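Listing of input.csv; format and content: CSV, C-alpha atoms.
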```
chain,number,residue,atom,x,y,z
A,991,MET,CA,92.1,114.4,82.3
A,992,MET,CA,90.1,113.0,85.1
A,993,GLN,CA,86.5,114.1,85.0
A,994,SER,CA,84.9,115.7,88.0
A,995,GLN,CA,82.4,112.9,88.4
A,996,GLU,CA,85.2,110.4,88.4
A,997,LEU,CA,87.1,112.4,90.9
A,998,GLU,CA,84.1,112.6,93.1
A,999,LEU,CA,83.6,108.8,92.9
A,1000,GLU,CA,87.3,108.4,93.8
A,1001,LEU,CA,86.9,110.7,96.8
A,1002,GLN,CA,83.9,108.7,97.9
A,1003,LEU,CA,86.1,105.6,97.8
A,1004,VAL,CA,88.8,107.3,99.8
A,1005,ARG,CA,86.3,108.4,102.4
A,1006,ARG,CA,85.1,104.9,102.7
A,1007,VAL,CA,88.6,103.7,103.2
A,1008,LYS,CA,89.1,106.3,105.9
A,1009,THR,CA,86.1,104.8,107.8
A,1010,GLY,CA,87.9,101.4,107.6
A,1011,GLU,CA,86.3,99.9,104.6
A,1012,ARG,CA,88.9,97.6,103.1
A,1013,ARG,CA,86.9,96.7,100.0
A,1014,ALA,CA,87.0,100.4,98.9
A,1015,PHE,CA,90.8,100.3,99.2
A,1016,ASP,CA,90.9,97.1,97.0
A,1017,SER,CA,88.9,99.0,94.4
A,1018,LEU,CA,91.5,101.8,94.4
A,1019,VAL,CA,94.3,99.2,94.1
A,1020,ASP,CA,92.5,97.6,91.1
A,1021,LYS,CA,92.0,101.0,89.5
A,1022,TYR,CA,95.6,102.2,89.7
A,1023,LYS,CA,97.9,99.2,90.0
A,1024,GLU,CA,98.7,98.9,86.3
A,1025,LYS,CA,99.4,102.6,85.8
A,1026,ALA,CA,101.4,102.7,89.0
A,1027,PHE,CA,103.3,99.6,88.1
A,1028,ALA,CA,104.4,101.3,84.8
A,1029,LEU,CA,105.7,104.2,86.8
A,1030,ALA,CA,107.6,101.9,89.3
A,1031,PHE,CA,108.9,99.8,86.4
A,1032,ASN,CA,110.2,102.8,84.5
A,1033,MET,CA,111.9,104.1,87.6
A,1034,LEU,CA,113.4,100.8,88.9
A,1035,GLY,CA,114.0,98.9,85.7
A,1036,ASN,CA,112.8,95.4,86.6
A,1037,TYR,CA,109.5,93.6,87.4
A,1038,GLU,CA,110.3,92.1,90.8
A,1039,ASP,CA,111.5,95.4,92.3
A,1040,ALA,CA,108.6,97.3,90.8
A,1041,LYS,CA,106.2,94.7,92.3
A,1042,ASP,CA,107.7,94.9,95.7
A,1043,ILE,CA,107.9,98.7,95.9
A,1044,LEU,CA,104.4,99.0,94.5
A,1045,GLN,CA,103.1,96.7,97.2
A,1046,GLU,CA,104.9,98.7,99.8
A,1047,ALA,CA,103.5,101.9,98.4
A,1048,PHE,CA,99.9,100.5,98.6
A,1049,VAL,CA,100.5,99.3,102.2
A,1050,ARG,CA,101.7,102.8,103.2
A,1051,ALA,CA,98.8,104.5,101.5
A,1052,TYR,CA,96.4,102.2,103.4
A,1053,VAL,CA,98.0,102.9,106.7
A,1054,ASN,CA,98.3,106.6,106.1
A,1055,ILE,CA,95.1,107.2,104.3
A,1056,LYS,CA,93.8,109.5,107.0
A,1057,SER,CA,96.6,111.9,106.3
A,1058,PHE,CA,95.4,112.3,102.7
A,1059,ARG,CA,93.8,115.8,102.8
A,1060,GLU,CA,91.9,115.5,99.5
A,1061,ASN,CA,93.6,118.5,98.0
A,1062,SER,CA,94.7,116.5,95.0
A,1063,SER,CA,93.6,113.3,93.3
A,1064,PHE,CA,94.3,110.0,95.1
A,1065,TYR,CA,96.6,109.0,92.4
A,1066,THR,CA,98.8,112.1,92.7
A,1067,TRP,CA,99.0,111.6,96.4
A,1068,PHE,CA,99.8,107.9,95.9
A,1069,CYS,CA,102.4,108.7,93.3
A,1070,ARG,CA,104.2,110.8,95.8
A,1071,ILE,CA,104.5,107.8,98.1
A,1072,LEU,CA,105.6,105.6,95.3
A,1073,VAL,CA,108.1,108.0,93.9
A,1074,ASN,CA,109.7,108.5,97.3
A,1075,LEU,CA,109.9,104.7,97.8
A,1076,CYS,CA,111.5,104.3,94.4
A,1077,ARG,CA,114.0,107.0,95.1
A,1078,ASP,CA,114.9,105.4,98.5
A,1079,PHE,CA,115.3,102.1,96.8
A,1080,LEU,CA,117.5,103.4,94.0
A,1081,ARG,CA,119.6,105.2,96.6
A,1082,LYS,CA,120.1,102.0,98.6
A,1083,ARG,CA,120.8,100.0,95.5
A,1084,SER,CA,123.3,102.5,94.1
A,1085,ARG,CA,125.1,102.4,97.5
A,1086,GLN,CA,125.2,98.7,97.4
A,1087,ARG,CA,126.2,98.2,93.8
A,1088,LYS,CA,128.1,101.5,93.2
A,1089,VAL,CA,126.2,102.0,90.0
A,1090,LEU,CA,123.5,104.6,89.2
A,1091,VAL,CA,120.8,102.6,87.6
A,1092,GLU,CA,120.7,99.4,85.7
A,1093,PRO,CA,119.3,99.4,82.2
A,1094,LEU,CA,115.8,98.3,81.9
A,1095,LYS,CA,115.5,94.5,82.1
A,1096,THR,CA,112.6,92.2,82.7
A,1097,GLN,CA,113.2,89.5,85.1
A,1098,ASP,CA,111.6,86.8,83.1
A,1099,ASP,CA,111.3,87.8,79.4
A,1100,GLU,CA,109.4,84.6,78.6
A,1101,GLU,CA,106.7,85.4,81.2
A,1102,ALA,CA,106.6,89.1,80.6
A,1103,GLU,CA,104.8,90.4,77.6
A,1104,ILE,CA,106.3,93.7,76.5
A,1105,ILE,CA,104.4,95.9,74.2
A,1106,GLU,CA,106.8,97.6,71.9
A,1107,ALA,CA,105.5,100.0,69.3
A,1108,THR,CA,108.6,99.3,67.2
A,1109,ASP,CA,107.9,95.6,67.1
A,1110,THR,CA,104.7,96.1,65.2
A,1111,SER,CA,106.7,96.7,62.1
A,1112,PRO,CA,106.7,93.7,59.8
A,1113,ASP,CA,110.2,94.5,58.5
A,1114,PRO,CA,112.8,92.6,60.6
A,1115,SER,CA,115.5,95.2,59.9
A,1116,GLU,CA,113.2,98.0,61.1
A,1117,ALA,CA,112.4,95.9,64.2
A,1118,ALA,CA,116.1,95.4,64.9
A,1119,LEU,CA,116.6,99.1,64.5
A,1120,GLY,CA,113.6,99.7,66.8
A,1121,LYS,CA,115.2,97.6,69.5
A,1122,GLU,CA,118.4,99.4,69.1
A,1123,ILE,CA,116.7,102.7,69.5
A,1124,GLN,CA,114.8,101.4,72.4
A,1125,ALA,CA,118.0,100.5,74.2
A,1126,MET,CA,119.4,104.0,73.4
A,1127,VAL,CA,116.3,105.7,74.8
A,1128,ASP,CA,116.5,103.5,77.9
A,1129,GLU,CA,120.1,104.3,78.4
A,1130,ALA,CA,119.6,108.0,77.8
A,1131,ILE,CA,116.7,108.2,80.3
A,1132,ASN,CA,118.7,106.2,82.9
A,1133,LEU,CA,121.6,108.7,82.5
A,1134,LEU,CA,119.4,111.5,83.7
A,1135,SER,CA,119.5,112.6,87.3
A,1136,GLY,CA,116.9,111.2,89.7
A,1137,LYS,CA,114.6,114.3,89.7
A,1138,GLN,CA,115.0,114.9,85.9
A,1139,ARG,CA,114.1,111.2,85.2
A,1140,THR,CA,111.2,111.2,87.6
A,1141,ALA,CA,109.8,114.5,86.2
A,1142,PHE,CA,110.2,113.3,82.6
A,1143,ILE,CA,108.6,109.9,83.3
A,1144,LEU,CA,105.7,111.5,85.1
A,1145,LYS,CA,105.1,114.0,82.3
A,1146,HIS,CA,105.7,111.9,79.2
A,1147,ILE,CA,105.0,108.4,80.2
A,1148,GLN,CA,102.4,108.9,83.0
A,1149,GLY,CA,100.9,111.9,81.2
A,1150,MET,CA,100.7,114.0,84.4
A,1151,LYS,CA,100.3,117.8,84.4
A,1152,ILE,CA,102.9,120.1,85.7
A,1153,ASP,CA,101.0,121.0,88.8
A,1154,GLU,CA,100.4,117.3,89.6
A,1155,ILE,CA,104.1,116.5,89.1
A,1156,ALA,CA,104.9,119.4,91.5
A,1157,LYS,CA,102.7,117.8,94.1
A,1158,VAL,CA,104.4,114.4,93.6
A,1159,LEU,CA,107.9,115.9,93.8
A,1160,ASN,CA,106.9,118.3,96.6
A,1161,CYS,CA,108.3,121.3,94.8
A,1162,ASN,CA,106.9,124.3,92.9
A,1163,GLU,CA,105.8,124.2,89.3
A,1164,SER,CA,108.8,126.3,88.0
A,1165,THR,CA,111.2,123.7,89.5
A,1166,VAL,CA,109.4,121.0,87.6
A,1167,LYS,CA,109.7,122.9,84.4
A,1168,VAL,CA,113.4,123.3,85.0
A,1169,HIS,CA,113.8,119.6,85.6
A,1170,LEU,CA,111.9,118.9,82.4
A,1171,PHE,CA,113.8,121.4,80.4
A,1172,ARG,CA,117.1,119.9,81.6
A,1173,ALA,CA,115.9,116.4,81.1
A,1174,VAL,CA,115.0,117.1,77.5
A,1175,ARG,CA,118.3,118.9,76.9
A,1176,ASN,CA,120.2,116.0,78.2
A,1177,LEU,CA,118.2,113.5,76.2
A,1178,GLN,CA,118.8,115.5,73.1
A,1179,LYS,CA,122.5,115.4,73.8
A,1180,SER,CA,122.4,111.6,74.3
A,1181,LEU,CA,120.1,110.9,71.4
A,1182,LEU,CA,121.5,113.5,69.0
A,1183,PRO,CA,123.1,111.0,66.6
A,1184,TYR,CA,119.9,109.1,66.2
A,1185,LEU,CA,117.7,112.2,66.0
A,1186,SER,CA,119.8,113.7,63.2
A,1187,ILE,CA,119.7,110.4,61.3
A,1188,ARG,CA,116.0,110.1,61.8
A,1189,GLY,CA,115.4,113.7,60.9
A,1190,GLY,CA,117.3,113.2,57.7
A,1191,GLY,CA,115.3,110.1,56.9
B,4,MET,CA,109.3,117.8,62.9
B,5,SER,CA,111.1,119.6,65.8
B,6,THR,CA,113.8,117.9,67.8
B,7,TYR,CA,111.5,118.0,70.9
B,8,LYS,CA,108.7,116.3,69.1
B,9,LYS,CA,111.0,113.7,67.7
B,10,LEU,CA,112.3,113.1,71.2
B,11,ILE,CA,108.9,112.7,72.7
B,12,ASP,CA,108.0,110.4,69.8
B,13,LEU,CA,111.0,108.3,70.6
B,14,VAL,CA,110.1,108.1,74.3
B,15,SER,CA,106.6,107.1,73.5
B,16,ARG,CA,108.0,104.0,71.9
B,17,ARG,CA,109.5,103.1,75.2
B,18,LYS,CA,108.5,99.8,76.7
B,19,VAL,CA,105.1,99.7,78.4
B,20,PRO,CA,105.3,97.0,80.9
B,21,LYS,CA,102.5,94.4,80.8
B,22,PRO,CA,103.3,91.9,83.5
B,23,SER,CA,102.1,88.3,83.2
B,24,LYS,CA,98.9,87.2,84.9
B,25,GLU,CA,101.0,85.1,87.2
B,26,LEU,CA,102.9,88.2,88.4
B,27,TRP,CA,99.6,90.0,89.0
B,28,GLN,CA,98.3,87.0,90.9
B,29,ARG,CA,101.4,87.0,93.1
B,30,PHE,CA,101.1,90.7,93.5
B,31,ASP,CA,97.4,90.5,94.6
B,32,LYS,CA,98.1,87.6,96.9
B,33,GLU,CA,101.0,89.2,98.7
B,34,LEU,CA,99.3,92.6,99.0
B,35,THR,CA,96.2,91.0,100.4
B,36,GLN,CA,98.4,89.2,103.0
B,37,LYS,CA,100.1,92.4,103.9
B,38,LEU,CA,96.9,94.4,104.2
B,39,ASP,CA,95.3,91.5,106.2
B,40,ALA,CA,98.2,91.6,108.6
B,41,ILE,CA,97.6,95.4,109.1
B,42,ASP,CA,93.9,94.8,109.8
B,43,VAL,CA,94.7,92.1,112.3
B,44,LYS,CA,97.2,94.3,114.0
B,45,LYS,CA,94.6,97.2,114.2
B,46,ASP,CA,92.0,94.8,115.7
B,47,SER,CA,94.4,93.3,118.2
B,48,GLU,CA,95.4,96.9,119.3
B,49,TYR,CA,91.7,97.8,119.7
B,50,VAL,CA,90.6,94.7,121.6
B,51,PRO,CA,93.2,94.9,124.5
B,52,PHE,CA,92.2,98.5,125.0
B,53,ILE,CA,88.5,97.7,125.3
B,54,GLU,CA,89.4,94.7,127.5
B,55,ARG,CA,91.5,96.9,129.8
B,56,ILE,CA,88.6,99.4,130.2
B,57,ARG,CA,86.3,96.5,131.0
B,58,GLU,CA,88.8,95.1,133.6
B,59,VAL,CA,89.0,98.5,135.3
B,60,PHE,CA,85.2,98.9,135.4
B,61,GLY,CA,84.7,95.3,136.4
B,62,LEU,CA,87.1,95.8,139.3
B,63,LEU,CA,85.3,98.9,140.5
B,64,LEU,CA,81.9,97.3,140.2
B,65,LYS,CA,82.8,94.4,142.4
B,66,PRO,CA,80.4,94.3,145.4
B,67,ARG,CA,83.3,94.6,147.9
B,68,LEU,CA,84.5,97.9,146.3
B,69,ARG,CA,81.0,99.4,145.8
B,70,PRO,CA,80.9,101.2,149.2
B,71,VAL,CA,84.3,102.6,148.6
B,72,LEU,CA,83.2,103.9,145.2
B,73,VAL,CA,80.0,105.4,146.6
B,74,THR,CA,81.9,107.1,149.5
B,75,ALA,CA,84.6,108.5,147.1
B,76,SER,CA,81.9,109.9,144.8
B,77,LEU,CA,80.0,111.5,147.7
B,78,LEU,CA,83.2,113.0,149.0
B,79,ILE,CA,84.1,114.5,145.6
B,80,ILE,CA,80.6,116.0,145.3
B,81,ILE,CA,80.7,117.5,148.9
B,82,ILE,CA,84.2,118.9,148.5
B,83,GLY,CA,83.4,120.3,145.1
B,84,THR,CA,80.2,122.0,146.3
B,85,SER,CA,81.8,123.5,149.4
B,86,LEU,CA,84.8,124.8,147.3
B,87,TYR,CA,82.3,126.4,144.9
B,88,PHE,CA,80.4,128.2,147.6
B,89,THR,CA,83.6,129.2,149.4
B,90,ASN,CA,85.1,130.8,146.4
B,91,TYR,CA,82.1,132.3,144.8
B,92,GLN,CA,79.9,133.2,147.7
B,93,GLY,CA,78.9,136.9,147.7
B,94,GLU,CA,80.0,137.4,144.2
B,95,GLY,CA,78.0,137.3,141.1
B,96,LEU,CA,76.7,139.3,138.2
B,97,VAL,CA,73.6,141.2,138.7
B,98,SER,CA,71.3,141.0,135.9
B,99,VAL,CA,69.7,144.2,134.8
B,100,ALA,CA,66.6,142.2,134.0
B,101,THR,CA,66.1,141.6,137.7
B,102,LEU,CA,65.9,145.3,138.4
B,103,SER,CA,62.7,147.2,138.5
B,104,ASN,CA,62.1,150.1,136.0
B,105,GLU,CA,62.6,152.7,138.7
B,106,GLU,CA,65.9,151.1,139.8
B,107,VAL,CA,67.2,151.0,136.3
B,108,VAL,CA,66.3,154.7,135.7
B,109,GLU,CA,68.1,155.6,138.9
B,110,GLU,CA,71.2,153.7,137.8
B,111,PHE,CA,71.3,155.4,134.5
B,112,ILE,CA,70.9,158.9,136.0
B,113,ILE,CA,73.9,158.2,138.3
B,114,ILE,CA,76.0,156.9,135.3
B,115,ASP,CA,75.0,160.0,133.3
B,116,GLY,CA,76.1,162.3,136.2
B,117,LEU,CA,79.4,160.5,136.5
B,118,ILE,CA,80.1,160.8,132.7
B,119,ALA,CA,79.2,164.5,132.9
B,120,GLU,CA,81.8,164.9,135.6
B,121,MET,CA,84.4,163.2,133.4
B,122,GLY,CA,84.1,166.2,131.1
B,123,ALA,CA,85.3,168.5,133.9
B,124,LEU,CA,88.5,166.6,134.4
B,125,GLY,CA,90.6,169.1,132.6
B,126,LYS,CA,89.2,171.9,134.8
B,127,GLY,CA,90.6,170.5,138.1
B,128,ALA,CA,87.9,168.0,139.0
B,129,ASP,CA,88.6,165.4,141.7
B,130,ILE,CA,89.5,162.4,139.6
B,131,ASN,CA,90.1,160.1,142.6
B,132,GLY,CA,86.6,161.0,143.8
B,133,ILE,CA,85.1,160.1,140.5
B,134,PHE,CA,86.9,156.8,140.4
B,135,ASN,CA,85.8,155.9,143.9
B,136,GLU,CA,82.3,156.6,143.0
B,137,LEU,CA,82.6,154.4,139.8
B,138,GLU,CA,84.1,151.6,141.9
B,139,LEU,CA,81.3,151.8,144.4
B,140,PHE,CA,78.8,151.9,141.6
B,141,TYR,CA,80.1,148.8,139.9
B,142,GLU,CA,80.2,146.8,143.2
B,143,PRO,CA,77.3,144.4,143.3
B,144,ASP,CA,74.5,145.7,145.5
B,145,PRO,CA,74.1,143.1,148.3
B,146,SER,CA,70.5,143.8,148.5
B,147,LEU,CA,70.0,142.8,144.9
B,148,ILE,CA,71.9,139.4,145.2
```

Let me see whether you can do it: turn the structure in this file into structure tokens.
Amino acid sequence: MMQSQELELELQLVRRVKTGERRAFDSLVDKYKEKAFALAFNMLGNYEDAKDILQEAFVRAYVNIKSFRENSSFYTWFCRILVNLCRDFLRKRSRQRKVLVEPLKTQDDEEAEIIEATDTSPDPSEAALGKEIQAMVDEAINLLSGKQRTAFILKHIQGMKIDEIAKVLNCNESTVKVHLFRAVRNLQKSLLPYLSIRGGG
Amino acid sequence: MSTYKKLIDLVSRRKVPKPSKELWQRFDKELTQKLDAIDVKKDSEYVPFIERIREVFGLLLKPRLRPVLVTASLLIIIIGTSLYFTNYQGEGLVSVATLSNEEVVEEFIIIDGLIAEMGALGKGADINGIFNELELFYEPDPSLI
């Protein structure tokens, strides 16, 4: 949860950007780029696309900063831009490739360091199982509809609150809850075999 | 553990991207270039506008055009003033503050009388007469203007 002092500092930065101070915007970029990159990566599935879309989102935020009415945090407002860009990108890509979403892949696995909680296990068999589970989770999430996936990622990976997600998705809170409920139900269906095994273990 | 909690536990194990330093360097470099391009565009839009204003003013302030500018300004002032006096001459609000105490008392007595007559309307009083009097009363007194 963002503290009020932090929020005030952030608003001060935003106001400085509105007056044309570029350095203040650079500070906002530095503050949020990693968190926003995680969101873009989780929605798009690869590093290069995530990088390009995130850049585009920051450019749009910079150009349209005066339209930010300060009725939410900067990050919530920025997420809305980013999520819309990701959705547009996925729509274009699905039209081009006639597939919904690719499974998560890094463009260059050697370059990219991936933190995987499952890899911390010293047991190789557990690590292999972890990777398998990881692939299942990725696949299950990618099978969700666009809004369900976005709502789920924002809630459980970005740690956003329902009201913030509602602002990002431009819908009311009850709609977000419905998307989340359906996302969880669909994930349960997809991951039921693993969940039952794991529950038993 | 409930199914929901197990599910969230699973999702929390999902990959957290940590791009390489090289990717962040490229990201920063490209973003800086894009933002610089926007700043340059903003400046280039601003400069021609200022220059255009300067051009117009520079043209008007040329010695050859100065008499024309002065004549045009004088004409505008004269026409404006004459239009003002044509339209508003003879009309104006009369400030009560400009009236003497006796005049104010007289005015109030007349108003009071008219209001008293309004009460007699139902008893066949001359309504047109009252309205004429009111109209006359609210007309500005030329002697006070």

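In this model, the gap between CA of Ala1030 in chain A and CA of Lys1151 in chain A comes to 18.2 Å.
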
(message) Could you list, as number ranges by chain, every residue within 9 Å of Leu38 in chain B, counting all atoms listed in the file and ignoring same-chain residues fewer than 3 positions away?
(response) A: 1012, 1048-1049, 1052-1053; B: 33-35, 41-43

(request) Counting all atoms listed in the file, figure out which residue out of B:Pro22, B:Gly83, B:Lys37, B:Asp12 gets nearest to Arg1050 in chain A. (result)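 So, comparing all the options, the nearest one is B:Lys37.
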
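Between chain B and the candidates A:Lys1041, A:Arg1139, A:Lys1179, A:Lys1167, the tightest atom-to-atom separation, counting all atoms listed in the file, involves A:Lys1041.
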
(request) Skip Phe1171 in chain A itself and residues of its chain fewer than 3 positions away, then list as a VMD selection string all residues within 12 Å of it, counting all atoms listed in the file. (result) (chain A and resid 1134 1137 to 1139 1141 to 1142 1145 1164 to 1168 1174 to 1178) or (chain B and resid 7)

(message) Around the point (90.3, 99.8, 99.5) (coordinates from the file), which residues reach within 10 Å if we count only C-alpha atoms? Answer as a list in words.
(response)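 Those within range, by chain then number, are Leu1003, Val1004, Arg1005, Arg1006, Val1007, Lys1008, Gly1010, Glu1011, Arg1012, Arg1013, Ala1014, Phe1015, Asp1016, Ser1017, Leu1018, Val1019, Asp1020, Phe1048, Ala1051 and Tyr1052 of chain A; Leu38 of chain B.
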
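Every residue within 12 Å of the file position (96.0, 115.9, 95.8), judged by all atoms listed in the file, is given as A:Leu997, A:Glu1000, A:Leu1001, A:Val1004, A:Ser1057, A:Phe1058, A:Arg1059, A:Glu1060, A:Asn1061, A:Ser1062, A:Ser1063, A:Phe1064, A:Tyr1065, A:Thr1066, A:Trp1067, A:Phe1068, A:Cys1069, A:Arg1070, A:Ile1071, A:Asp1153, A:Glu1154, A:Ile1155, A:Ala1156, A:Lys1157, A:Val1158, A:Asn1160.
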
(message) Just to confirm, what's the straight-line distance from CA of His1146 in chain A to CA of Ala1026 in chain A in Å (one decimal)?
(response)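 CA of His1146 in chain A sits 14.1 Å away from CA of Ala1026 in chain A.
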
(message) Considering all atoms listed in the file, can you say which of A:Ala1130, A:Ala1028, A:Leu1182, A:Leu1144 comes closest to chain B?
(response)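 Ranked by minimum distance to chain B, first place goes to A:Ala1028.
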
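Picture a line from CA of Ser1135 in chain A to CA of Ala1173 in chain A; it runs 8.1 Å.
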